[in-house]
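Below: the structure, in structure tokens.
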Amino acid sequence: MTSVLIQVRNVDARTRDELAVRAARRGQSMTAYVRSLLEREVATPDLAEVFARVDGRSESSDISSVELLRGDRERR
């Protein structure tokens with residue numbers, strides 16, 4: 001896998017400091033920690049993707065997409 005550089009500008013100092021603290025707690029560099037956050041984010045489907053999956057399901061379902069999402073939220 002080829003890696004690329006991502007630069008984030010205008011990050012608040014408190015945000016940067018908290019990221020550094022969290023990275024240190026995990027024994028990681030800030031780069032490794034932020035990379036893991038980004039990788040976790042892209043591994044999680046966004047809302048549009050979830051709706052597309054629900055819409056792609058069989059029309060014979062007795063449960064609406066709204067009920068599915070409500071149930072998922074209640075379990076959290």
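Order determines the names: the first chain of the structure tokens is A, the second B, and so forth; residues in each chain are numbered 1 upward, and ligands are numbered 1 upward as they are shown.
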
*Could you name the residues that touch Gln7 (chain A) at 12 Å or less, counting only C-alpha atoms, but leaving out those on the same chain fewer than 5 positions away, as number ranges by chain?*
A: 31, 34-35

Selection from above, all heavy atoms, as a PDB file, in the first residue's frame, can you write it?
ATOM      1  N   THR A  31       1.116  10.677  15.184  1.00  0.00           N
ATOM      2  CA  THR A  31       0.859  10.268  13.801  1.00  0.00           C
ATOM      3  C   THR A  31       0.141   8.931  13.759  1.00  0.00           C
ATOM      4  O   THR A  31      -0.855   8.772  13.049  1.00  0.00           O
ATOM      5  CB  THR A  31       2.183  10.194  13.008  1.00  0.00           C
ATOM      6  OG1 THR A  31       2.766  11.499  12.970  1.00  0.00           O
ATOM      7  CG2 THR A  31       1.955   9.688  11.598  1.00  0.00           C
ATOM      8  N   VAL A  34      -3.531   9.390  15.137  1.00  0.00           N
ATOM      9  CA  VAL A  34      -4.421  10.062  14.198  1.00  0.00           C
ATOM     10  C   VAL A  34      -4.687   9.168  12.994  1.00  0.00           C
ATOM     11  O   VAL A  34      -5.816   9.103  12.487  1.00  0.00           O
ATOM     12  CB  VAL A  34      -3.861  11.443  13.785  1.00  0.00           C
ATOM     13  CG1 VAL A  34      -4.673  12.059  12.646  1.00  0.00           C
ATOM     14  CG2 VAL A  34      -3.832  12.376  14.987  1.00  0.00           C
ATOM     15  N   ARG A  35      -3.669   8.432  12.532  1.00  0.00           N
ATOM     16  CA  ARG A  35      -3.871   7.495  11.430  1.00  0.00           C
ATOM     17  C   ARG A  35      -4.924   6.458  11.800  1.00  0.00           C
ATOM     18  O   ARG A  35      -5.819   6.134  11.007  1.00  0.00           O
ATOM     19  CB  ARG A  35      -2.560   6.797  11.055  1.00  0.00           C
ATOM     20  CG  ARG A  35      -2.720   5.880   9.850  1.00  0.00           C
ATOM     21  CD  ARG A  35      -1.455   5.090   9.513  1.00  0.00           C
ATOM     22  NE  ARG A  35      -0.241   5.872   9.562  1.00  0.00           N
ATOM     23  CZ  ARG A  35       0.755   5.676  10.434  1.00  0.00           C
ATOM     24  NH1 ARG A  35       0.697   4.715  11.338  1.00  0.00           N
ATOM     25  NH2 ARG A  35       1.829   6.432  10.399  1.00  0.00           N
TER      26      ARG A  35
END

_I'd like the neighbourhood of Arg22 (chain A) as a PyMOL selection string, where a residue qualifies if any of its atoms comes within 9 Å (using only C-alpha atoms), though same-chain residues fewer than 6 positions away should be ignored._
chain A and resi 28+30+33

*Using backbone DSSP assignments, extract all helix (DSSP H, G or I) residues from chain A; output them as a PyMOL selection string.*
chain A and resi 13-25+30-43+47-55+65-75

*asked:* Please compute the CA of Val11 (chain A)-CA of Leu47 (chain A) distance, one decimal, in Å.
replied: 25.8 Å

*Mind giving me the straight-line distance from CA of Gly56 (chain A) to CA of Arg40 (chain A) in Å, one decimal?*
24.6 Å

*Residues within 12 Å of Asp55 (chain A), only C-alpha atoms, excluding chain neighbours under 6 positions, as a PyMOL selection string*: chain A and resi 48-49+61+63-66+68

Let's have the selection written as a PDB file, in the first residue's frame, with all heavy atoms.
ATOM      1  N   ALA A  48     -25.415   7.781   4.507  1.00  0.00           N
ATOM      2  CA  ALA A  48     -25.894   7.569   3.135  1.00  0.00           C
ATOM      3  C   ALA A  48     -25.669   6.123   2.704  1.00  0.00           C
ATOM      4  O   ALA A  48     -26.513   5.518   2.034  1.00  0.00           O
ATOM      5  CB  ALA A  48     -25.188   8.528   2.181  1.00  0.00           C
ATOM      6  N   GLU A  49     -24.532   5.552   3.100  1.00  0.00           N
ATOM      7  CA  GLU A  49     -24.228   4.164   2.771  1.00  0.00           C
ATOM      8  C   GLU A  49     -25.193   3.216   3.482  1.00  0.00           C
ATOM      9  O   GLU A  49     -25.657   2.235   2.908  1.00  0.00           O
ATOM     10  CB  GLU A  49     -22.784   3.865   3.192  1.00  0.00           C
ATOM     11  CG  GLU A  49     -22.163   2.694   2.510  1.00  0.00           C
ATOM     12  CD  GLU A  49     -20.683   2.551   2.881  1.00  0.00           C
ATOM     13  OE1 GLU A  49     -20.022   3.564   3.197  1.00  0.00           O
ATOM     14  OE2 GLU A  49     -20.215   1.410   2.853  1.00  0.00           O
ATOM     15  N   SER A  61     -39.650  -6.992   3.351  1.00  0.00           N
ATOM     16  CA  SER A  61     -39.342  -6.827   4.765  1.00  0.00           C
ATOM     17  C   SER A  61     -40.534  -6.240   5.511  1.00  0.00           C
ATOM     18  O   SER A  61     -41.221  -5.349   5.025  1.00  0.00           O
ATOM     19  CB  SER A  61     -38.126  -5.913   4.944  1.00  0.00           C
ATOM     20  OG  SER A  61     -37.891  -5.701   6.314  1.00  0.00           O
ATOM     21  N   ILE A  63     -40.152  -4.716   8.341  1.00  0.00           N
ATOM     22  CA  ILE A  63     -39.616  -3.626   9.140  1.00  0.00           C
ATOM     23  C   ILE A  63     -39.147  -2.519   8.209  1.00  0.00           C
ATOM     24  O   ILE A  63     -38.431  -2.758   7.246  1.00  0.00           O
ATOM     25  CB  ILE A  63     -38.434  -4.112  10.009  1.00  0.00           C
ATOM     26  CG1 ILE A  63     -38.878  -5.243  10.931  1.00  0.00           C
ATOM     27  CG2 ILE A  63     -37.867  -2.966  10.822  1.00  0.00           C
ATOM     28  CD1 ILE A  63     -37.746  -5.899  11.692  1.00  0.00           C
ATOM     29  N   SER A  64     -39.553  -1.295   8.503  1.00  0.00           N
ATOM     30  CA  SER A  64     -39.134  -0.169   7.670  1.00  0.00           C
ATOM     31  C   SER A  64     -37.700   0.227   8.009  1.00  0.00           C
ATOM     32  O   SER A  64     -37.185  -0.112   9.076  1.00  0.00           O
ATOM     33  CB  SER A  64     -40.061   1.037   7.895  1.00  0.00           C
ATOM     34  OG  SER A  64     -39.801   1.620   9.152  1.00  0.00           O
ATOM     35  N   SER A  65     -37.079   0.976   7.135  1.00  0.00           N
ATOM     36  CA  SER A  65     -35.719   1.443   7.387  1.00  0.00           C
ATOM     37  C   SER A  65     -35.685   2.350   8.616  1.00  0.00           C
ATOM     38  O   SER A  65     -34.719   2.353   9.375  1.00  0.00           O
ATOM     39  CB  SER A  65     -35.147   2.163   6.163  1.00  0.00           C
ATOM     40  OG  SER A  65     -35.955   3.250   5.818  1.00  0.00           O
ATOM     41  N   VAL A  66     -36.735   3.102   8.834  1.00  0.00           N
ATOM     42  CA  VAL A  66     -36.807   3.972  10.010  1.00  0.00           C
ATOM     43  C   VAL A  66     -36.788   3.121  11.282  1.00  0.00           C
ATOM     44  O   VAL A  66     -36.073   3.419  12.236  1.00  0.00           O
ATOM     45  CB  VAL A  66     -38.072   4.860   9.966  1.00  0.00           C
ATOM     46  CG1 VAL A  66     -38.272   5.613  11.266  1.00  0.00           C
ATOM     47  CG2 VAL A  66     -38.003   5.811   8.787  1.00  0.00           C
ATOM     48  N   LEU A  68     -35.569   0.112  11.603  1.00  0.00           N
ATOM     49  CA  LEU A  68     -34.234  -0.493  11.726  1.00  0.00           C
ATOM     50  C   LEU A  68     -33.251   0.480  12.359  1.00  0.00           C
ATOM     51  O   LEU A  68     -32.500   0.126  13.273  1.00  0.00           O
ATOM     52  CB  LEU A  68     -33.713  -0.927  10.351  1.00  0.00           C
ATOM     53  CG  LEU A  68     -34.337  -2.166   9.743  1.00  0.00           C
ATOM     54  CD1 LEU A  68     -33.869  -2.323   8.300  1.00  0.00           C
ATOM     55  CD2 LEU A  68     -33.976  -3.392  10.551  1.00  0.00           C
TER      56      LEU A  68
END

*Interatomic distance between CA of Leu37 (chain A) and CA of Glu67 (chain A)?*
29.7 Å
